[in-house]
Amino acid sequence: MSLSKTYNPREVEDKWYSHWLEKNYFHSEPDEREPYTVVIPPPNVTGVLHMGHMLNNTIQDVLVRRARMLGKNACWIPGTDHASIATEAKVVQKLREEGLKKSDLSREEFLKHAFEWKDKHGGIILQQLKKLGASCDWERTHFTMDPKYSESVIDVFIDLHKKNRIYRGNRMVNWDPEALTALSDEEVIYKEVNSKLYHVRYKIDNTTDQWLTIATTRPETILGDTAICVNPNDKRYTNLHGKSVIVPISNRVVPVICDEYVDMEFGTGCLKITPAHDTNDHEIGLRHQLETISIFNSNGTLNENGLHYEGKDRFEVRKAIEKELEQSGYLIKIEDHINKVGFSERTNAIIEPRLSLQWYVNMQELSKPALDNVMNGNVQFYPEKFKNTYRHWMENIKDWCISRQLWWGHRIPAWYYGEGKEEFVVCKTLEEAVELASAKSGKNIGEKDLKQDEDVLDTWFSSWLWPISVFNGLTDKENEEINYYYPSNDLVTAPEIMFFWVARMIIAGYEYMGDLPFKNVYYTGIVRDKLGRKMSKSLGNSPDPIELIENYGADGVRVGILISSPAGNDLPFDSSQCEQGRNFTNKVWNAYRLISSWESKNIEQPISSIKAIEWFESKYNQSLEEINDLFDKFRISDALMAIYKLVWDDFCSSYLEIIKPGYQQPIDDKTLKQSILFFEKILLIMHPFTPFVTEELWHVLSKERRETDIIVSSWPEKKEIDLQVLNTFNYCDKVITQIRNFRKEQQISNKIKLDLYLIENKEIDRSFDSVISKIGNLTKLEYAEEKVAKAHSFLIDSNEFFIPFGEGIDMEQEMKKLHEDLDYTKGFLKSVQGKLNNERFVSNAPQNIVDIERKKEADALGKIEVLEKKISALS
RNA sequence: GGGCGAUUAACUCAGUUGGUUCAGAGUGCCUCCCUUACAAGGAGGAAGUCGGGGGUUCGAGUCCCUCAUUGCCCA
């Protein structure tokens, strides 16, 4: 035999992937078939493949390949996201390494560098996906900053502005002092940190020595205090109502105000109010018309309101001010304190709440259809539990801050012609702006008088259009492709971006297409390491996917990653799972090796083979039905497991063993032909999970198939299942197990032939006796009338089986087993009779349940009788 | 602090309307076997008070309450 004992994925993977590409199988064009569309969650353009992508894209590929085989026009759109903050940060860092500062560059120069970077590093991840076997339509690769795509983003901005859904507002934003940009709420990560709670006393104005004490975690913001607030119901402080206090260091006189917002239990019950630097304080400030004093610059250093601290960093100032407060007697005490602090998702800088003028989308009305259509099931979530989370967020949705103080991205199409709050127009081009601005202002405004907004849009403001704009559904409305492919079918993504992305795509879908963007959303879990930690670069606990593919083969990795990862569950990943996957591909490979080694002749077909074929036909169809059902429910792991067991247990361990001819014996033509057909049917259902090994075997297995490719072959049709055959095989399997057990207990080699006698107390379907004889390696299988002496015996469904043994009888062992069996059955009978003697059970339980119990009782009684007879016969 | 989940074998998970497809699967573990497809293999086996406690019911892994532990989302 010249075939390798083990499957070698390296030899076949590149070959078939190139072949598929050459044949253009991944490419889709609208036609008369039913479309099946999936849009990839676009990875960051400069990203590299990690385990999360592996999981996510394997699932998509499984779905897409199966849809293709089901005869649908499958279209999987790949692409990348410009990821404004992440990419800009990378470019800035790269420039810094080259000695260039962003601030020294013009916008145009910077963007030139950024595009160079993108062209060089962009899309590596897409190349990596090919190694995994992803069957994306590469001709349709999109990038969220492609010209057409960008145009649609700008159009949407203009449109929403026209509809009064976009407005410009001076609001508290999450400011990233490192990236120097505002962030959306979703980009802020709150973490618990050990900090300190400073108790500081403020002197009450117009007194010589009366004080109140506040508690704060941010003493540096004292310089921006414009009030002290107490709860109006707090009896301790009624004396303060209407008074003023003197802020330490700045010596500003500020009022004491009352607001129920203050938690009387926390700290001292006196809250200092800094409207410029805290969201809640800002709201209190608005309610009480307080002055707002900003003390920070955009980069987190103090401004001129910071007095002698001007120019110093906020954390440096915190230390310094602690000292100053202490020296001047204002600091009462410092307590340890745990509080939650917001960090920038991208730069990890501590977020500074900051008042600034930003662009917002009013989400109230816009989001309604998106909530309704998920709740009513038009858009299905898998698993469904995420609907709750979704609803909670959608019902409390806040306006979306969409401007970012960056250069890499879609520049906001707003043009300013003056300093006034309303002195701007929103439109696509400078020419239009001239016209609109002139009209709006009533003045003659030229190009030079206009200045475009410096900011770009939030990345998600472009990716929320992904399912539409990859088909140019906005720039070229009603075009053939958008009409054909939209809405897409399944979206596979991580629950972490349910709000960033999924919810907003649904919103955009209803707003711009009047329809859902996808029918099903499959949420994957987070890939974690063995210890349950999230996989991350900094921890270094993430295996390199490409290395895994090299070690275990793409098919092995695909199986390994899917074998136990139900939707929505985190996946604790361990490379041993890939080992299991690799072993699976190897198993199939060896099944092929076996079949290919047989020489066929026109000889009589053994009955055992005929029966095996009958059985496997039904078994296959039973599994196929189950697998189809699991796919319909998006239970991808379970579908894989069902296939795994069908292949390994049923096809290899049972079927092939039954039909296997003796050593160097030929096989009959019919059986071989049928076995190859079975093998092909198995390859077909395996294909979505293990595309490479199945394509390889498809081609070598039979000559007829060499002209076709499995990737474009049809998913098998389900045929009838003969339950009788399946039941009889189960019985046969039980007998075989008993024979094997006997051999093992008595240490009788498989090579030694045995006799089997049986007393048929209950009718037996004898059709699989030839199979029992073959697998059990029996010389004879005889139906007897009387018990056989000096024999090992066992019971299956009240039928008695005997294997006579020669000299080395272990009688004790036999007796022990009989007694164990008897004890168990007696206990079982007792519990059944307990139920039946309970009048309430008999009168309340449905008749069929009672009947079942009665039958159990009868069976148990019969079995006990047989066992007792045997025991007395042996003793 | 608010919301949503989870807890079943050593590990990862199934368990649809309460009742024979109810205590399951895969991996791991143990025993025996290098048997002529595959030791990346074969055959067999052990292993769980279904997180604790209450309740409803003839009957609870499944429904209700409560506690504990834990995860995620939001502030």
# chains A, B, ... in the order shown; residues from 1 in each chain; ligands from 1
call {"tool": "select_by_dssp", "arguments": {"residues": "segment 677-761 of chain A", "states": "strand (DSSP E)", "output": "list in words"}}
result
Leu754, Asp755, Leu756, Tyr757, Leu758 and Ile759 of chain A
call {"tool": "select_by_dssp", "arguments": {"residues": "segment 97-216 of chain A", "states": "helix (DSSP H, G or I)", "output": "ChimeraX atom specification"}}
result
/A:97,102-104,107-121,124-132,138-140,147-162,185-187
call {"tool": "residues_around", "arguments": {"residues": "U36 of chain B", "least_positions_apart": "5", "cutoff": "12 Å", "atoms": "only C-alpha atoms (C1' of nucleotides)", "output": "VMD selection string"}}
result
chain A and resid 1 594 597 660 to 665
call {"tool": "closest_atom_pairs", "arguments": {"of": "chain B", "to": "chain A", "cutoff": "9 Å", "atoms": "only C-alpha atoms (C1' of nucleotides)", "output": "JSON lines"}}
result
{"residue": "B:G3", "atom": "C1'", "partner": "A:His392", "partner_atom": "CA", "distance": 7.1}
{"residue": "B:C4", "atom": "C1'", "partner": "A:Thr389", "partner_atom": "CA", "distance": 5.9}
{"residue": "B:G5", "atom": "C1'", "partner": "A:Lys385", "partner_atom": "CA", "distance": 7.5}
{"residue": "B:U12", "atom": "C1'", "partner": "A:Ser564", "partner_atom": "CA", "distance": 6.4}
{"residue": "B:C13", "atom": "C1'", "partner": "A:Ser564", "partner_atom": "CA", "distance": 6.7}
{"residue": "B:A14", "atom": "C1'", "partner": "A:Asp638", "partner_atom": "CA", "distance": 8.3}
{"residue": "B:G19", "atom": "C1'", "partner": "A:Ile849", "partner_atom": "CA", "distance": 6.4}
{"residue": "B:U20", "atom": "C1'", "partner": "A:Ile852", "partner_atom": "CA", "distance": 8.1}
{"residue": "B:A25", "atom": "C1'", "partner": "A:Met641", "partner_atom": "CA", "distance": 8.6}
{"residue": "B:G26", "atom": "C1'", "partner": "A:Met641", "partner_atom": "CA", "distance": 7.7}
{"residue": "B:U27", "atom": "C1'", "partner": "A:Gln577", "partner_atom": "CA", "distance": 8.2}
{"residue": "B:C32", "atom": "C1'", "partner": "A:Lys744", "partner_atom": "CA", "distance": 7.3}
{"residue": "B:U35", "atom": "C1'", "partner": "A:Asn750", "partner_atom": "CA", "distance": 8.0}
{"residue": "B:U36", "atom": "C1'", "partner": "A:Tyr663", "partner_atom": "CA", "distance": 5.9}
{"residue": "B:A37", "atom": "C1'", "partner": "A:Leu594", "partner_atom": "CA", "distance": 4.2}
{"residue": "B:C38", "atom": "C1'", "partner": "A:Asn590", "partner_atom": "CA", "distance": 5.2}
{"residue": "B:A40", "atom": "C1'", "partner": "A:Asn583", "partner_atom": "CA", "distance": 4.8}
{"residue": "B:G41", "atom": "C1'", "partner": "A:Lys587", "partner_atom": "CA", "distance": 8.9}
{"residue": "B:G42", "atom": "C1'", "partner": "A:Ser653", "partner_atom": "CA", "distance": 8.9}
{"residue": "B:A43", "atom": "C1'", "partner": "A:Arg740", "partner_atom": "CA", "distance": 7.2}
{"residue": "B:G44", "atom": "C1'", "partner": "A:Asn741", "partner_atom": "CA", "distance": 6.6}
{"residue": "B:C58", "atom": "C1'", "partner": "A:Phe841", "partner_atom": "CA", "distance": 3.8}
{"residue": "B:G59", "atom": "C1'", "partner": "A:Phe841", "partner_atom": "CA", "distance": 7.7}
{"residue": "B:C73", "atom": "C1'", "partner": "A:Thr389", "partner_atom": "CA", "distance": 6.8}
{"residue": "B:C74", "atom": "C1'", "partner": "A:Trp393", "partner_atom": "CA", "distance": 7.7}
call {"tool": "closest_residue", "arguments": {"among": "A:Asp263, A:Lys90, A:Val771, A:Ile332", "to": "His199 of chain A", "atoms": "only C-alpha atoms"}}
result
A:Ile332
call {"tool": "residues_around", "arguments": {"residues": "C64 of chain B", "least_positions_apart": "3", "cutoff": "12 Å", "atoms": "only C-alpha atoms (C1' of nucleotides)", "output": "ChimeraX atom specification"}}
result
/B:54-57,60
call {"tool": "closest_residue", "arguments": {"among": "A:Asp399, A:Glu680, A:Glu98, A:Glu614", "to": "Tyr360 of chain A", "atoms": "only C-alpha atoms"}}
result
A:Asp399
call {"tool": "atom_distance", "arguments": {"atom1": "atom CA of Lys148 of chain A", "atom2": "atom CA of Lys428 of chain A"}}
result
13.2 Å
call {"tool": "residues_around", "arguments": {"residues": "Trp117 of chain A", "least_positions_apart": "6", "cutoff": "12 Å", "atoms": "only C-alpha atoms (C1' of nucleotides)", "output": "PDB file with C-alpha atoms, in the first residue's frame"}}
result
ATOM      1  CA  VAL A  45      -7.822  46.649   8.177  1.00  0.00           C
ATOM      2  CA  THR A  46      -4.494  46.400   9.972  1.00  0.00           C
ATOM      3  CA  HIS A  82     -10.879  51.314   8.527  1.00  0.00           C
ATOM      4  CA  THR A  87      -5.543  52.510  12.843  1.00  0.00           C
ATOM      5  CA  GLU A  88      -4.728  56.139  13.425  1.00  0.00           C
ATOM      6  CA  ALA A  89      -3.035  55.187  16.685  1.00  0.00           C
ATOM      7  CA  LYS A  90      -0.916  52.655  14.856  1.00  0.00           C
ATOM      8  CA  VAL A  91       0.042  55.113  12.164  1.00  0.00           C
ATOM      9  CA  VAL A  92       0.896  57.780  14.710  1.00  0.00           C
ATOM     10  CA  GLN A  93       3.118  55.339  16.522  1.00  0.00           C
ATOM     11  CA  LYS A  94       4.815  54.226  13.356  1.00  0.00           C
ATOM     12  CA  LEU A  95       5.482  57.842  12.400  1.00  0.00           C
ATOM     13  CA  PHE A 110      -0.860  62.365   7.364  1.00  0.00           C
ATOM     14  CA  LEU A 111      -3.517  60.667   5.283  1.00  0.00           C
ATOM     15  CA  GLY A 123      -5.717  42.855   4.263  1.00  0.00           C
ATOM     16  CA  ILE A 124      -3.131  40.502   5.769  1.00  0.00           C
ATOM     17  CA  TRP A 408      -8.351  58.798   9.531  1.00  0.00           C
TER      18      TRP A 408
END
call {"tool": "atom_distance", "arguments": {"atom1": "atom CA of Gly568 of chain A", "atom2": "atom CA of Asp61 of chain A"}}
result
17.9 Å
call {"tool": "closest_atom_pairs", "arguments": {"of": "segment 30-73 of chain A", "to": "segment 620-636 of chain A", "cutoff": "12 Å", "atoms": "only C-alpha atoms", "output": "tab-separated table"}}
result
residue	atom	partner	partner_atom	distance
A:Leu55	CA	A:Ile636	CA	11.5
A:Asn56	CA	A:Ile636	CA	11.9
A:Thr58	CA	A:Ile636	CA	10.5
A:Ile59	CA	A:Ile636	CA	7.7
A:Gln60	CA	A:Ile636	CA	10.4
A:Asp61	CA	A:Ile636	CA	11.5
A:Val62	CA	A:Ile636	CA	8.5
A:Leu63	CA	A:Phe631	CA	8.5
A:Val64	CA	A:Phe631	CA	11.9
A:Arg66	CA	A:Phe631	CA	9.4
A:Ala67	CA	A:Phe631	CA	10.6
A:Leu70	CA	A:Asn628	CA	11.0
call {"tool": "residues_around", "arguments": {"residues": "Met375 of chain A", "least_positions_apart": "3", "cutoff": "8 Å", "atoms": "only C-alpha atoms (C1' of nucleotides)", "output": "list in words"}}
result
Leu371, Asp372, Asn378, Val379, Lys387 and Arg391 of chain A
call {"tool": "atom_distance", "arguments": {"atom1": "atom CA of Trp501 of chain A", "atom2": "atom CA of Ala134 of chain A"}}
result
22.4 Å
call {"tool": "closest_residue", "arguments": {"among": "B:A9, B:A75, B:G28, B:C22", "to": "G61 of chain B", "atoms": "only C-alpha atoms (C1' of nucleotides)"}}
result
B:C22
call {"tool": "residues_around", "arguments": {"residues": "Glu316 of chain A", "least_positions_apart": "6", "cutoff": "10 Å", "atoms": "only C-alpha atoms (C1' of nucleotides)", "output": "PDB file with N, CA, C and O atoms, in the first residue's frame"}}
result
ATOM      1  N   GLU A 220      -8.058  67.251  42.587  1.00  0.00           N
ATOM      2  CA  GLU A 220      -7.572  68.259  41.648  1.00  0.00           C
ATOM      3  C   GLU A 220      -8.699  69.061  41.035  1.00  0.00           C
ATOM      4  O   GLU A 220      -8.515  70.201  40.595  1.00  0.00           O
ATOM      5  N   THR A 301      -3.741  68.134  30.790  1.00  0.00           N
ATOM      6  CA  THR A 301      -2.997  69.045  31.663  1.00  0.00           C
ATOM      7  C   THR A 301      -3.933  70.165  32.093  1.00  0.00           C
ATOM      8  O   THR A 301      -5.002  70.360  31.516  1.00  0.00           O
ATOM      9  N   TYR A 309      -0.954  75.514  39.021  1.00  0.00           N
ATOM     10  CA  TYR A 309      -0.728  74.173  38.459  1.00  0.00           C
ATOM     11  C   TYR A 309      -0.823  74.167  36.944  1.00  0.00           C
ATOM     12  O   TYR A 309      -0.769  73.114  36.322  1.00  0.00           O
TER      13      TYR A 309
END
call {"tool": "closest_residue", "arguments": {"among": "A:Leu516, A:Glu547, A:Ile228, A:Leu640", "to": "Gly560 of chain A", "atoms": "only C-alpha atoms"}}
result
A:Leu640
